[in-house]
$ cat query.tsv   # TSV, C-alpha atoms (C1' of nucleotides)
chain	number	residue	atom	x	y	z
G	1	MET	CA	26.35	5.48	-2.07
G	2	SER	CA	27.83	5.90	-5.52
G	3	LYS	CA	25.25	5.75	-8.21
G	4	SER	CA	25.84	3.41	-11.02
G	5	LEU	CA	23.45	3.24	-13.89
G	6	GLU	CA	20.57	2.19	-11.77
G	7	LEU	CA	20.24	1.21	-8.16
G	8	THR	CA	17.97	-1.58	-7.05
G	9	PRO	CA	15.92	-1.04	-3.90
G	10	ILE	CA	18.14	-3.49	-2.09
G	11	GLN	CA	21.29	-1.63	-3.08
G	12	THR	CA	19.78	1.64	-2.02
G	13	VAL	CA	18.82	0.28	1.36
G	14	ALA	CA	22.23	-1.21	1.91
G	15	CYS	CA	24.03	2.03	1.25
G	16	CYS	CA	21.85	4.59	3.03
G	17	SER	CA	22.31	6.05	6.43
G	18	PRO	CA	19.72	5.14	9.02
G	19	LEU	CA	16.52	7.10	8.72
G	20	THR	CA	17.21	8.79	11.99
G	21	ARG	CA	20.67	10.09	11.14
G	22	GLU	CA	20.07	12.35	8.19
G	23	PRO	CA	17.16	13.28	5.95
G	24	LEU	CA	16.48	10.76	3.25
G	25	SER	CA	16.73	12.20	-0.25
G	26	ALA	CA	13.62	12.11	-2.37
G	27	ALA	CA	15.34	9.81	-4.84
G	28	ASP	CA	16.42	7.35	-2.17
G	29	ALA	CA	12.96	7.37	-0.65
G	30	GLU	CA	11.46	6.53	-4.02
G	31	ARG	CA	13.78	3.56	-4.36
G	32	ILE	CA	13.31	2.28	-0.83
G	33	ALA	CA	9.55	2.58	-0.63
G	34	PRO	CA	8.83	-0.38	-2.95
G	35	LEU	CA	10.92	-2.60	-0.72
G	36	VAL	CA	8.98	-1.59	2.37
G	37	LYS	CA	5.75	-1.81	0.43
G	38	ALA	CA	6.58	-5.41	-0.39
G	39	LEU	CA	6.47	-6.11	3.33
G	40	ALA	CA	3.39	-4.05	3.97
G	41	ASP	CA	0.88	-6.83	3.60
G	42	PRO	CA	-0.15	-9.44	6.17
G	43	VAL	CA	0.05	-12.28	3.67
G	44	ARG	CA	3.54	-11.34	2.54
G	45	LEU	CA	4.69	-10.87	6.12
G	46	ARG	CA	3.56	-14.39	6.89
G	47	LEU	CA	5.06	-15.77	3.68
G	48	LEU	CA	8.42	-14.27	4.48
G	49	SER	CA	8.21	-15.52	8.02
G	50	LEU	CA	7.16	-18.99	6.92
G	51	VAL	CA	10.03	-19.25	4.46
G	52	ALA	CA	12.57	-17.84	6.89
G	53	SER	CA	11.63	-20.11	9.75
G	54	HIS	CA	11.16	-23.21	7.63
G	55	ALA	CA	13.54	-26.14	7.88
G	56	ASP	CA	16.73	-25.56	5.88
G	57	GLY	CA	15.65	-21.95	5.43
G	58	GLU	CA	13.68	-22.73	2.32
G	59	ALA	CA	10.10	-23.60	1.55
G	60	CYS	CA	8.29	-25.11	-1.39
G	61	VAL	CA	5.38	-23.22	-2.88
G	62	CYS	CA	3.23	-26.26	-2.26
G	63	ASP	CA	3.80	-25.89	1.49
G	64	LEU	CA	3.07	-22.18	1.40
G	65	ASN	CA	-0.19	-22.55	-0.48
G	66	ASP	CA	-1.55	-24.79	2.24
G	67	ALA	CA	-0.91	-22.22	4.93
G	68	PHE	CA	-3.44	-19.77	3.53
G	69	ASP	CA	-7.08	-19.68	2.55
G	70	LEU	CA	-6.12	-18.02	-0.69
G	71	SER	CA	-5.98	-19.21	-4.24
G	72	GLN	CA	-2.73	-20.54	-5.66
G	73	PRO	CA	-2.38	-17.64	-8.13
G	74	THR	CA	-2.69	-15.16	-5.29
G	75	ILE	CA	0.13	-16.78	-3.34
G	76	SER	CA	2.18	-16.94	-6.52
G	77	HIS	CA	1.57	-13.25	-7.05
G	78	HIS	CA	2.79	-12.35	-3.55
G	79	LEU	CA	5.85	-14.56	-3.90
G	80	LYS	CA	6.70	-12.92	-7.19
G	81	LEU	CA	6.42	-9.51	-5.61
G	82	LEU	CA	8.75	-10.46	-2.77
G	83	HIS	CA	11.14	-11.99	-5.27
G	84	ASP	CA	11.08	-8.97	-7.58
G	85	VAL	CA	12.23	-6.61	-4.85
G	86	GLY	CA	14.97	-9.03	-3.83
G	87	LEU	CA	13.66	-10.23	-0.48
G	88	LEU	CA	13.15	-13.81	-1.65
G	89	ASP	CA	15.41	-15.96	-3.78
G	90	ARG	CA	13.85	-18.47	-6.11
G	91	GLU	CA	15.11	-21.88	-7.18
G	92	LYS	CA	13.38	-24.48	-9.27
G	93	ARG	CA	14.24	-28.09	-8.55
G	94	GLY	CA	12.33	-30.52	-10.67
G	95	VAL	CA	8.66	-29.81	-10.51
G	96	TRP	CA	8.90	-27.80	-7.34
G	97	VAL	CA	9.95	-24.24	-6.72
G	98	TYR	CA	11.72	-23.32	-3.51
G	99	TYR	CA	12.00	-19.88	-2.00
G	100	ARG	CA	14.48	-18.69	0.59
G	101	VAL	CA	14.91	-15.30	2.20
G	102	ASN	CA	17.68	-12.94	1.28
G	103	ALA	CA	18.86	-12.41	4.85
G	104	GLY	CA	21.17	-9.59	3.89
G	105	ALA	CA	18.40	-7.58	2.32
G	106	LEU	CA	16.16	-7.99	5.33
G	107	GLY	CA	19.01	-7.08	7.65
G	108	ASP	CA	19.88	-3.99	5.66
G	109	LEU	CA	16.30	-2.85	5.80
G	110	ALA	CA	16.22	-3.39	9.55
G	111	ALA	CA	19.43	-1.40	9.87
G	112	LEU	CA	17.96	1.43	7.86
G	113	LEU	CA	14.99	1.62	10.21
G	114	GLY	CA	16.69	0.88	13.45
G	115	GLY	CA	19.88	2.78	13.01
G	116	VAL	CA	22.12	-0.18	13.74
G	117	SER	CA	24.97	-0.18	11.28
G	118	ALA	CA	24.85	-2.93	8.69
C	119	MET	CA	1.48	2.31	28.21
C	120	SER	CA	-0.50	-0.81	28.82
C	121	LYS	CA	-3.95	-0.85	27.38
C	122	SER	CA	-4.94	-4.42	27.84
C	123	LEU	CA	-8.03	-5.31	25.89
C	124	GLU	CA	-6.62	-4.72	22.44
C	125	LEU	CA	-3.11	-4.78	21.13
C	126	THR	CA	-1.89	-1.84	19.11
C	127	PRO	CA	0.42	-2.48	16.16
C	128	ILE	CA	3.29	-1.12	18.19
C	129	GLN	CA	2.60	-3.47	21.07
C	130	THR	CA	2.33	-6.40	18.72
C	131	VAL	CA	5.62	-5.55	17.10
C	132	ALA	CA	7.32	-5.20	20.43
C	133	CYS	CA	6.24	-8.58	21.65
C	134	CYS	CA	6.74	-10.78	18.60
C	135	SER	CA	9.67	-12.92	17.75
C	136	PRO	CA	11.72	-11.90	14.75
C	137	LEU	CA	10.17	-12.86	11.46
C	138	THR	CA	12.95	-15.30	10.83
C	139	ARG	CA	12.59	-17.25	14.05
C	140	GLU	CA	9.10	-18.64	13.88
C	141	PRO	CA	6.09	-18.29	11.61
C	142	LEU	CA	4.08	-15.20	12.26
C	143	SER	CA	0.49	-15.90	13.21
C	144	ALA	CA	-2.21	-14.59	10.93
C	145	ALA	CA	-3.51	-12.37	13.72
C	146	ASP	CA	-0.11	-10.86	14.45
C	147	ALA	CA	0.50	-10.29	10.77
C	148	GLU	CA	-2.77	-8.41	10.51
C	149	ARG	CA	-1.76	-6.16	13.37
C	150	ILE	CA	1.77	-5.54	12.17
C	151	ALA	CA	1.00	-4.88	8.51
C	152	PRO	CA	-0.54	-1.43	9.11
C	153	LEU	CA	2.63	-0.34	10.86
C	154	VAL	CA	4.80	-1.43	7.95
C	155	LYS	CA	2.30	0.05	5.53
C	156	ALA	CA	2.67	3.39	7.26
C	157	LEU	CA	6.31	3.33	6.24
C	158	ALA	CA	5.65	2.07	2.74
C	159	ASP	CA	5.45	5.43	1.06
C	160	PRO	CA	8.30	7.66	-0.12
C	161	VAL	CA	6.76	10.79	1.36
C	162	ARG	CA	6.26	9.19	4.77
C	163	LEU	CA	9.76	7.74	4.74
C	164	ARG	CA	11.14	11.20	4.15
C	165	LEU	CA	8.83	12.75	6.75
C	166	LEU	CA	9.97	10.29	9.37
C	167	SER	CA	13.58	10.82	8.41
C	168	LEU	CA	13.20	14.59	8.44
C	169	VAL	CA	11.64	14.58	11.89
C	170	ALA	CA	14.13	12.10	13.29
C	171	SER	CA	17.18	13.93	12.05
C	172	HIS	CA	15.89	17.39	12.86
C	173	ALA	CA	17.44	19.48	15.60
C	174	ASP	CA	16.16	18.48	19.05
C	175	GLY	CA	14.53	15.44	17.43
C	176	GLU	CA	11.38	17.32	16.64
C	177	ALA	CA	10.06	19.25	13.69
C	178	CYS	CA	7.27	21.71	13.15
C	179	VAL	CA	4.72	20.99	10.47
C	180	CYS	CA	5.60	24.31	8.90
C	181	ASP	CA	9.14	23.06	8.29
C	182	LEU	CA	7.93	19.80	6.85
C	183	ASN	CA	5.51	21.38	4.41
C	184	ASP	CA	8.33	23.32	2.82
C	185	ALA	CA	10.33	20.16	2.12
C	186	PHE	CA	7.78	18.81	-0.34
C	187	ASP	CA	6.00	19.89	-3.49
C	188	LEU	CA	2.75	18.72	-1.99
C	189	SER	CA	-0.24	20.52	-0.59
C	190	GLN	CA	-0.44	21.19	3.13
C	191	PRO	CA	-3.43	18.85	3.61
C	192	THR	CA	-1.50	16.03	1.96
C	193	ILE	CA	1.39	16.41	4.38
C	194	SER	CA	-1.07	16.65	7.24
C	195	HIS	CA	-2.67	13.42	6.06
C	196	HIS	CA	0.65	11.58	6.02
C	197	LEU	CA	1.60	12.90	9.44
C	198	LYS	CA	-1.73	11.79	10.85
C	199	LEU	CA	-1.19	8.33	9.45
C	200	LEU	CA	2.27	8.06	11.01
C	201	HIS	CA	0.85	9.38	14.28
C	202	ASP	CA	-2.10	6.99	14.27
C	203	VAL	CA	0.12	3.92	14.08
C	204	GLY	CA	2.33	5.28	16.83
C	205	LEU	CA	5.47	6.09	14.90
C	206	LEU	CA	5.20	9.84	15.48
C	207	ASP	CA	4.29	11.69	18.64
C	208	ARG	CA	2.42	14.95	18.36
C	209	GLU	CA	2.57	18.02	20.55
C	210	LYS	CA	0.89	21.35	20.06
C	211	ARG	CA	2.70	24.40	21.39
C	212	GLY	CA	0.90	27.63	20.69
C	213	VAL	CA	0.06	27.88	17.05
C	214	TRP	CA	2.55	25.29	15.98
C	215	VAL	CA	2.45	21.52	16.06
C	216	TYR	CA	5.62	19.55	16.61
C	217	TYR	CA	6.20	15.94	15.73
C	218	ARG	CA	8.89	13.65	17.07
C	219	VAL	CA	9.62	10.01	16.31
C	220	ASN	CA	8.77	7.23	18.69
C	221	ALA	CA	12.24	5.72	18.67
C	222	GLY	CA	11.14	2.64	20.54
C	223	ALA	CA	8.49	1.79	17.99
C	224	LEU	CA	10.91	2.17	15.12
C	225	GLY	CA	13.48	0.08	16.92
C	226	ASP	CA	11.01	-2.66	17.70
C	227	LEU	CA	10.01	-2.82	14.08
C	228	ALA	CA	13.64	-3.04	13.03
C	229	ALA	CA	14.15	-5.83	15.53
C	230	LEU	CA	11.20	-7.71	14.17
C	231	LEU	CA	12.64	-7.59	10.68
C	232	GLY	CA	16.30	-7.95	11.47
C	233	GLY	CA	16.15	-10.51	14.20
C	234	VAL	CA	18.10	-8.42	16.67
C	235	SER	CA	16.54	-8.78	20.07
C	236	ALA	CA	14.34	-5.93	21.16
F	237	DC	C1'	-13.97	40.50	19.20
F	238	DC	C1'	-12.39	40.24	14.75
F	239	DA	C1'	-8.83	39.16	11.34
F	240	DA	C1'	-4.94	36.32	10.20
F	241	DG	C1'	-2.27	32.37	10.24
F	242	DA	C1'	-1.29	27.25	11.33
F	243	DC	C1'	-3.05	22.97	11.04
F	244	DA	C1'	-6.82	19.45	10.48
F	245	DT	C1'	-10.95	17.47	8.30
F	246	DA	C1'	-14.19	16.52	4.42
F	247	DG	C1'	-15.39	15.19	-0.06
F	248	DA	C1'	-13.95	14.00	-4.77
F	249	DT	C1'	-11.08	11.61	-8.11
F	250	DG	C1'	-7.63	8.93	-10.51
F	251	DT	C1'	-4.51	5.18	-9.81
F	252	DA	C1'	-2.57	1.22	-7.43
F	253	DT	C1'	-3.36	-3.21	-5.35
F	254	DG	C1'	-5.30	-7.74	-3.62
F	255	DT	C1'	-8.03	-11.26	-5.15
F	256	DC	C1'	-10.16	-14.47	-8.16
F	257	DG	C1'	-11.10	-17.89	-12.15
F	258	DA	C1'	-9.30	-19.39	-16.46
F	259	DT	C1'	-5.47	-20.74	-18.79
F	260	DA	C1'	-0.68	-21.33	-20.26
F	261	DC	C1'	3.84	-23.34	-19.15
F	262	DC	C1'	6.96	-27.03	-17.53
F	263	DT	C1'	8.51	-31.25	-15.80
F	264	DT	C1'	7.93	-36.01	-14.72
F	265	DC	C1'	5.83	-40.43	-15.29
F	266	DG	C1'	3.40	-44.24	-17.56
B	267	DC	C1'	3.79	-39.27	-26.79
B	268	DG	C1'	0.26	-37.89	-23.79
B	269	DA	C1'	-1.66	-37.23	-19.30
B	270	DA	C1'	-1.06	-35.29	-14.72
B	271	DG	C1'	0.37	-32.19	-11.40
B	272	DG	C1'	2.99	-27.95	-9.77
B	273	DT	C1'	3.60	-23.14	-10.72
B	274	DA	C1'	3.18	-18.77	-13.32
B	275	DT	C1'	0.63	-15.45	-16.20
B	276	DC	C1'	-3.62	-13.00	-17.80
B	277	DG	C1'	-7.75	-10.33	-17.54
B	278	DA	C1'	-11.31	-8.65	-14.62
B	279	DC	C1'	-13.07	-6.51	-10.59
B	280	DA	C1'	-13.66	-4.35	-6.05
B	281	DT	C1'	-11.35	-1.90	-2.64
B	282	DA	C1'	-7.70	0.96	-0.77
B	283	DC	C1'	-4.89	4.92	-1.19
B	284	DA	C1'	-2.48	9.41	-2.49
B	285	DT	C1'	-3.64	13.67	-3.85
B	286	DC	C1'	-6.21	17.85	-4.56
B	287	DT	C1'	-9.53	21.89	-3.42
B	288	DA	C1'	-12.59	23.77	-0.16
B	289	DT	C1'	-13.62	24.46	4.41
B	290	DG	C1'	-13.46	24.01	9.49
B	291	DT	C1'	-11.04	24.74	14.01
B	292	DC	C1'	-8.06	26.84	17.08
B	293	DT	C1'	-4.71	30.26	18.70
B	294	DT	C1'	-2.67	34.77	18.76
B	295	DG	C1'	-2.46	39.89	17.84
B	296	DG	C1'	-4.55	44.22	17.23

$ encode --input "query.tsv" --output "structure tokens"
Amino acid sequence: MSKSLELTPIQTVACCSPLTREPLSAADAERIAPLVKALADPVRLRLLSLVASHADGEACVCDLNDAFDLSQPTISHHLKLLHDVGLLDREKRGVWVYYRVNAGALGDLAALLGGVSA
Amino acid sequence: MSKSLELTPIQTVACCSPLTREPLSAADAERIAPLVKALADPVRLRLLSLVASHADGEACVCDLNDAFDLSQPTISHHLKLLHDVGLLDREKRGVWVYYRVNAGALGDLAALLGGVSA
DNA sequence: CCAAGACATAGATGTATGTCGATACCTTCG
DNA sequence: CGAAGGTATCGACATACATCTATGTCTTGG
């Protein structure tokens, strides 16, 4: 709602009215699009789903790599993208890296699309 | 509304569990991604929002063109894309073409992301 | 039936993106 | 310390995509 110095996509999504209530400003649309774009790939959809539905709500990269016929750098690239927009949180424990979903961000995005208030 | 042999993105979205409940199958992800991709553009986000929030829930292409600093074919291209995935319905009345949002499709997509039941 | 206007399609072009192999970076273990 | 394994970064490449101009199609008015 109020603009501070710079709004992250997540913050923009959380503050905006549902798409169906009032026209989205060009500036808001520019900030939200990268977040939606991060989801607009079958591999990233599955990654997010795998992490979200995994035991304890977190998944190790090693588990995720095995779920795809893709190279390790490619999976790493997709995870980084999801992390950069704020949909996945990252935590390194020892040698392994664990990802978990930012449920709030995903919920805010759903609210923006569906019109249900956050 | 039931076309049995092949599932449209919309139908896939409507039938799948929320992303956070169970891992999305590769096939489902492939069908859903185009729908999300259709939303993953600032212009299309604004188009959808403009149509949805317009009086009577529908908007003429002529109105939409004026809202952007883009050529008419470009807007037409984006509208076609949104229509092809089922997010916008199209109706020609006389010289003008009116678009309205498929609220169910948008809601189903939101449910898929947010985990709220469809 | 022809001209004008609203919208769609076609073809071209620059940029973004998904993927890979090679390699660098860490952390643990012997 | 040095090797091994897990993960990230880099550079390259092919494809996808957003945009434009030019043109086609359809409907209405004169």

$ residues_around --input "query.tsv" --residues "stretch 86-97 of chain G" --least-positions-apart "5" --cutoff "10 Å" --atoms "all atoms listed in the file" --output "PDB file with C-alpha atoms (C1' of nucleotides), in the frame of the given file"
ATOM      1  CA  THR G   8      17.970  -1.580  -7.050  1.00  0.00           C
ATOM      2  CA  PRO G   9      15.920  -1.040  -3.900  1.00  0.00           C
ATOM      3  CA  ILE G  10      18.140  -3.490  -2.090  1.00  0.00           C
ATOM      4  CA  GLN G  11      21.290  -1.630  -3.080  1.00  0.00           C
ATOM      5  CA  LEU G  35      10.920  -2.600  -0.720  1.00  0.00           C
ATOM      6  CA  ALA G  38       6.580  -5.410  -0.390  1.00  0.00           C
ATOM      7  CA  LEU G  39       6.470  -6.110   3.330  1.00  0.00           C
ATOM      8  CA  LEU G  47       5.060 -15.770   3.680  1.00  0.00           C
ATOM      9  CA  LEU G  48       8.420 -14.270   4.480  1.00  0.00           C
ATOM     10  CA  VAL G  51      10.030 -19.250   4.460  1.00  0.00           C
ATOM     11  CA  ALA G  52      12.570 -17.840   6.890  1.00  0.00           C
ATOM     12  CA  GLU G  58      13.680 -22.730   2.320  1.00  0.00           C
ATOM     13  CA  ALA G  59      10.100 -23.600   1.550  1.00  0.00           C
ATOM     14  CA  CYS G  60       8.290 -25.110  -1.390  1.00  0.00           C
ATOM     15  CA  VAL G  61       5.380 -23.220  -2.880  1.00  0.00           C
ATOM     16  CA  CYS G  62       3.230 -26.260  -2.260  1.00  0.00           C
ATOM     17  CA  LEU G  79       5.850 -14.560  -3.900  1.00  0.00           C
ATOM     18  CA  LYS G  80       6.700 -12.920  -7.190  1.00  0.00           C
ATOM     19  CA  LEU G  81       6.420  -9.510  -5.610  1.00  0.00           C
ATOM     20  CA  ASN G 102      17.680 -12.940   1.280  1.00  0.00           C
ATOM     21  CA  ALA G 103      18.860 -12.410   4.850  1.00  0.00           C
ATOM     22  CA  GLY G 104      21.170  -9.590   3.890  1.00  0.00           C
ATOM     23  CA  ALA G 105      18.400  -7.580   2.320  1.00  0.00           C
ATOM     24  CA  LEU G 106      16.160  -7.990   5.330  1.00  0.00           C
TER      25      LEU G 106
ATOM     26  C1'  DC F 262       6.960 -27.030 -17.530  1.00  0.00           C
ATOM     27  C1'  DT F 263       8.510 -31.250 -15.800  1.00  0.00           C
ATOM     28  C1'  DT F 264       7.930 -36.010 -14.720  1.00  0.00           C
TER      29       DT F 264
ATOM     30  C1'  DG B 271       0.370 -32.190 -11.400  1.00  0.00           C
ATOM     31  C1'  DG B 272       2.990 -27.950  -9.770  1.00  0.00           C
ATOM     32  C1'  DT B 273       3.600 -23.140 -10.720  1.00  0.00           C
TER      33       DT B 273
END

$ calpha_fit_and_write --input "query.tsv" --fixed "chain C" --moving "chain G" --output "JSON list (two decimals) with C-alpha atoms, in the frame of the given file"
[["chain", "number", "residue", "atom", "x", "y", "z"],
["G", 1, "MET", "CA", 2.66, -11.05, 24.69],
["G", 2, "SER", "CA", -0.32, -11.04, 27.02],
["G", 3, "LYS", "CA", -3.39, -9.68, 25.40],
["G", 4, "SER", "CA", -5.21, -6.99, 27.18],
["G", 5, "LEU", "CA", -8.41, -5.62, 25.80],
["G", 6, "GLU", "CA", -6.83, -4.40, 22.65],
["G", 7, "LEU", "CA", -3.27, -4.20, 21.45],
["G", 8, "THR", "CA", -2.00, -1.26, 19.47],
["G", 9, "PRO", "CA", 0.29, -1.98, 16.53],
["G", 10, "ILE", "CA", 3.19, -0.60, 18.51],
["G", 11, "GLN", "CA", 2.50, -2.89, 21.44],
["G", 12, "THR", "CA", 2.21, -5.86, 19.15],
["G", 13, "VAL", "CA", 5.51, -5.09, 17.49],
["G", 14, "ALA", "CA", 7.24, -4.62, 20.80],
["G", 15, "CYS", "CA", 6.16, -7.97, 22.13],
["G", 16, "CYS", "CA", 6.58, -10.26, 19.12],
["G", 17, "SER", "CA", 9.44, -12.50, 18.31],
["G", 18, "PRO", "CA", 11.49, -11.60, 15.27],
["G", 19, "LEU", "CA", 9.90, -12.61, 12.01],
["G", 20, "THR", "CA", 12.64, -15.10, 11.42],
["G", 21, "ARG", "CA", 12.31, -16.97, 14.70],
["G", 22, "GLU", "CA", 8.79, -18.31, 14.61],
["G", 23, "PRO", "CA", 5.76, -17.99, 12.37],
["G", 24, "LEU", "CA", 3.79, -14.85, 12.95],
["G", 25, "SER", "CA", 0.19, -15.49, 13.96],
["G", 26, "ALA", "CA", -2.50, -14.19, 11.67],
["G", 27, "ALA", "CA", -3.75, -11.88, 14.40],
["G", 28, "ASP", "CA", -0.32, -10.41, 15.06],
["G", 29, "ALA", "CA", 0.26, -9.93, 11.35],
["G", 30, "GLU", "CA", -2.99, -8.03, 11.07],
["G", 31, "ARG", "CA", -1.93, -5.71, 13.86],
["G", 32, "ILE", "CA", 1.60, -5.17, 12.61],
["G", 33, "ALA", "CA", 0.81, -4.59, 8.96],
["G", 34, "PRO", "CA", -0.70, -1.11, 9.46],
["G", 35, "LEU", "CA", 2.49, -0.01, 11.16],
["G", 36, "VAL", "CA", 4.62, -1.18, 8.26],
["G", 37, "LYS", "CA", 2.11, 0.23, 5.82],
["G", 38, "ALA", "CA", 2.55, 3.62, 7.46],
["G", 39, "LEU", "CA", 6.18, 3.48, 6.39],
["G", 40, "ALA", "CA", 5.47, 2.13, 2.95],
["G", 41, "ASP", "CA", 5.30, 5.45, 1.17],
["G", 42, "PRO", "CA", 8.17, 7.59, -0.10],
["G", 43, "VAL", "CA", 6.69, 10.78, 1.30],
["G", 44, "ARG", "CA", 6.20, 9.30, 4.76],
["G", 45, "LEU", "CA", 9.68, 7.79, 4.71],
["G", 46, "ARG", "CA", 11.11, 11.22, 4.02],
["G", 47, "LEU", "CA", 8.86, 12.87, 6.61],
["G", 48, "LEU", "CA", 9.99, 10.47, 9.28],
["G", 49, "SER", "CA", 13.58, 10.92, 8.26],
["G", 50, "LEU", "CA", 13.27, 14.69, 8.19],
["G", 51, "VAL", "CA", 11.74, 14.79, 11.65],
["G", 52, "ALA", "CA", 14.21, 12.31, 13.09],
["G", 53, "SER", "CA", 17.28, 14.05, 11.76],
["G", 54, "HIS", "CA", 16.06, 17.56, 12.47],
["G", 55, "ALA", "CA", 17.68, 19.70, 15.13],
["G", 56, "ASP", "CA", 16.42, 18.83, 18.62],
["G", 57, "GLY", "CA", 14.74, 15.78, 17.12],
["G", 58, "GLU", "CA", 11.59, 17.68, 16.31],
["G", 59, "ALA", "CA", 10.26, 19.53, 13.31],
["G", 60, "CYS", "CA", 7.52, 22.05, 12.73],
["G", 61, "VAL", "CA", 4.91, 21.29, 10.10],
["G", 62, "CYS", "CA", 5.82, 24.54, 8.41],
["G", 63, "ASP", "CA", 9.35, 23.22, 7.79],
["G", 64, "LEU", "CA", 8.05, 19.91, 6.50],
["G", 65, "ASN", "CA", 5.63, 21.46, 4.04],
["G", 66, "ASP", "CA", 8.46, 23.30, 2.35],
["G", 67, "ALA", "CA", 10.40, 20.13, 1.73],
["G", 68, "PHE", "CA", 7.81, 18.73, -0.66],
["G", 69, "ASP", "CA", 6.01, 19.74, -3.82],
["G", 70, "LEU", "CA", 2.76, 18.65, -2.25],
["G", 71, "SER", "CA", -0.18, 20.53, -0.88],
["G", 72, "GLN", "CA", -0.35, 21.32, 2.82],
["G", 73, "PRO", "CA", -3.38, 19.05, 3.38],
["G", 74, "THR", "CA", -1.50, 16.15, 1.83],
["G", 75, "ILE", "CA", 1.44, 16.57, 4.19],
["G", 76, "SER", "CA", -0.99, 16.93, 7.08],
["G", 77, "HIS", "CA", -2.65, 13.71, 6.03],
["G", 78, "HIS", "CA", 0.64, 11.79, 6.00],
["G", 79, "LEU", "CA", 1.66, 13.22, 9.36],
["G", 80, "LYS", "CA", -1.65, 12.19, 10.84],
["G", 81, "LEU", "CA", -1.20, 8.69, 9.53],
["G", 82, "LEU", "CA", 2.26, 8.40, 11.06],
["G", 83, "HIS", "CA", 0.93, 9.82, 14.30],
["G", 84, "ASP", "CA", -2.08, 7.50, 14.40],
["G", 85, "VAL", "CA", 0.08, 4.38, 14.28],
["G", 86, "GLY", "CA", 2.36, 5.79, 16.98],
["G", 87, "LEU", "CA", 5.50, 6.49, 14.97],
["G", 88, "LEU", "CA", 5.28, 10.26, 15.44],
["G", 89, "ASP", "CA", 4.44, 12.22, 18.56],
["G", 90, "ARG", "CA", 2.60, 15.48, 18.20],
["G", 91, "GLU", "CA", 2.86, 18.64, 20.28],
["G", 92, "LYS", "CA", 1.22, 21.97, 19.71],
["G", 93, "ARG", "CA", 3.10, 25.02, 20.92],
["G", 94, "GLY", "CA", 1.36, 28.24, 20.16],
["G", 95, "VAL", "CA", 0.43, 28.42, 16.54],
["G", 96, "TRP", "CA", 2.88, 25.76, 15.50],
["G", 97, "VAL", "CA", 2.71, 22.01, 15.70],
["G", 98, "TYR", "CA", 5.86, 20.00, 16.27],
["G", 99, "TYR", "CA", 6.38, 16.35, 15.50],
["G", 100, "ARG", "CA", 9.04, 14.05, 16.88],
["G", 101, "VAL", "CA", 9.70, 10.39, 16.23],
["G", 102, "ASN", "CA", 8.85, 7.70, 18.70],
["G", 103, "ALA", "CA", 12.30, 6.12, 18.68],
["G", 104, "GLY", "CA", 11.17, 3.11, 20.65],
["G", 105, "ALA", "CA", 8.49, 2.23, 18.16],
["G", 106, "LEU", "CA", 10.87, 2.49, 15.24],
["G", 107, "GLY", "CA", 13.45, 0.43, 17.09],
["G", 108, "ASP", "CA", 10.95, -2.26, 17.96],
["G", 109, "LEU", "CA", 9.91, -2.51, 14.36],
["G", 110, "ALA", "CA", 13.53, -2.81, 13.28],
["G", 111, "ALA", "CA", 14.04, -5.53, 15.87],
["G", 112, "LEU", "CA", 11.03, -7.41, 14.59],
["G", 113, "LEU", "CA", 12.45, -7.40, 11.08],
["G", 114, "GLY", "CA", 16.08, -7.82, 11.86],
["G", 115, "GLY", "CA", 15.90, -10.29, 14.66],
["G", 116, "VAL", "CA", 17.94, -8.19, 17.06],
["G", 117, "SER", "CA", 16.33, -8.33, 20.46],
["G", 118, "ALA", "CA", 14.66, -5.13, 21.58]]

$ axis_aligned_box --input "query.tsv" --around "stretch 67-72 of chain G" --padding-each-side "5 Å" --output "JSON"
{"center_x": -4.0, "center_y": -20.1, "center_z": -0.4, "size_x": 16.2, "size_y": 14.2, "size_z": 20.6}

$ interface_residues --input "query.tsv" --of "chain G" --to "chain C" --cutoff "7 Å" --atoms "all atoms listed in the file" --output "VMD selection string"
chain G and resid 19 to 24 29 to 30 33 to 34 36 to 37 39 to 42 45 to 46 49 to 50 52 to 53 106 to 107 110 to 111 113 to 114

$ write_last_selection --input "query.tsv" --atoms "C-alpha atoms" --output "short mmCIF file (atom, residue, chain, number, x, y, z; two decimals), in the coordinates of the input"
data_model
loop_
_atom_site.label_atom_id
_atom_site.label_comp_id
_atom_site.auth_asym_id
_atom_site.auth_seq_id
_atom_site.Cartn_x
_atom_site.Cartn_y
_atom_site.Cartn_z
CA LEU G 19 16.52 7.10 8.72
CA THR G 20 17.21 8.79 11.99
CA ARG G 21 20.67 10.09 11.14
CA GLU G 22 20.07 12.35 8.19
CA PRO G 23 17.16 13.28 5.95
CA LEU G 24 16.48 10.76 3.25
CA ALA G 29 12.96 7.37 -0.65
CA GLU G 30 11.46 6.53 -4.02
CA ALA G 33 9.55 2.58 -0.63
CA PRO G 34 8.83 -0.38 -2.95
CA VAL G 36 8.98 -1.59 2.37
CA LYS G 37 5.75 -1.81 0.43
CA LEU G 39 6.47 -6.11 3.33
CA ALA G 40 3.39 -4.05 3.97
CA ASP G 41 0.88 -6.83 3.60
CA PRO G 42 -0.15 -9.44 6.17
CA LEU G 45 4.69 -10.87 6.12
CA ARG G 46 3.56 -14.39 6.89
CA SER G 49 8.21 -15.52 8.02
CA LEU G 50 7.16 -18.99 6.92
CA ALA G 52 12.57 -17.84 6.89
CA SER G 53 11.63 -20.11 9.75
CA LEU G 106 16.16 -7.99 5.33
CA GLY G 107 19.01 -7.08 7.65
CA ALA G 110 16.22 -3.39 9.55
CA ALA G 111 19.43 -1.40 9.87
CA LEU G 113 14.99 1.62 10.21
CA GLY G 114 16.69 0.88 13.45
#

$ closest_residue --input "query.tsv" --among "F:DT259, F:DC243, F:DC237, F:DC265" --to "B:DT293" --atoms "all atoms listed in the file"
F:DC243

$ interface_residues --input "query.tsv" --of "chain B" --to "chain C" --cutoff "8 Å" --atoms "all atoms listed in the file" --output "JSON, numbers by chain"
{"B": [285, 286, 293, 294]}
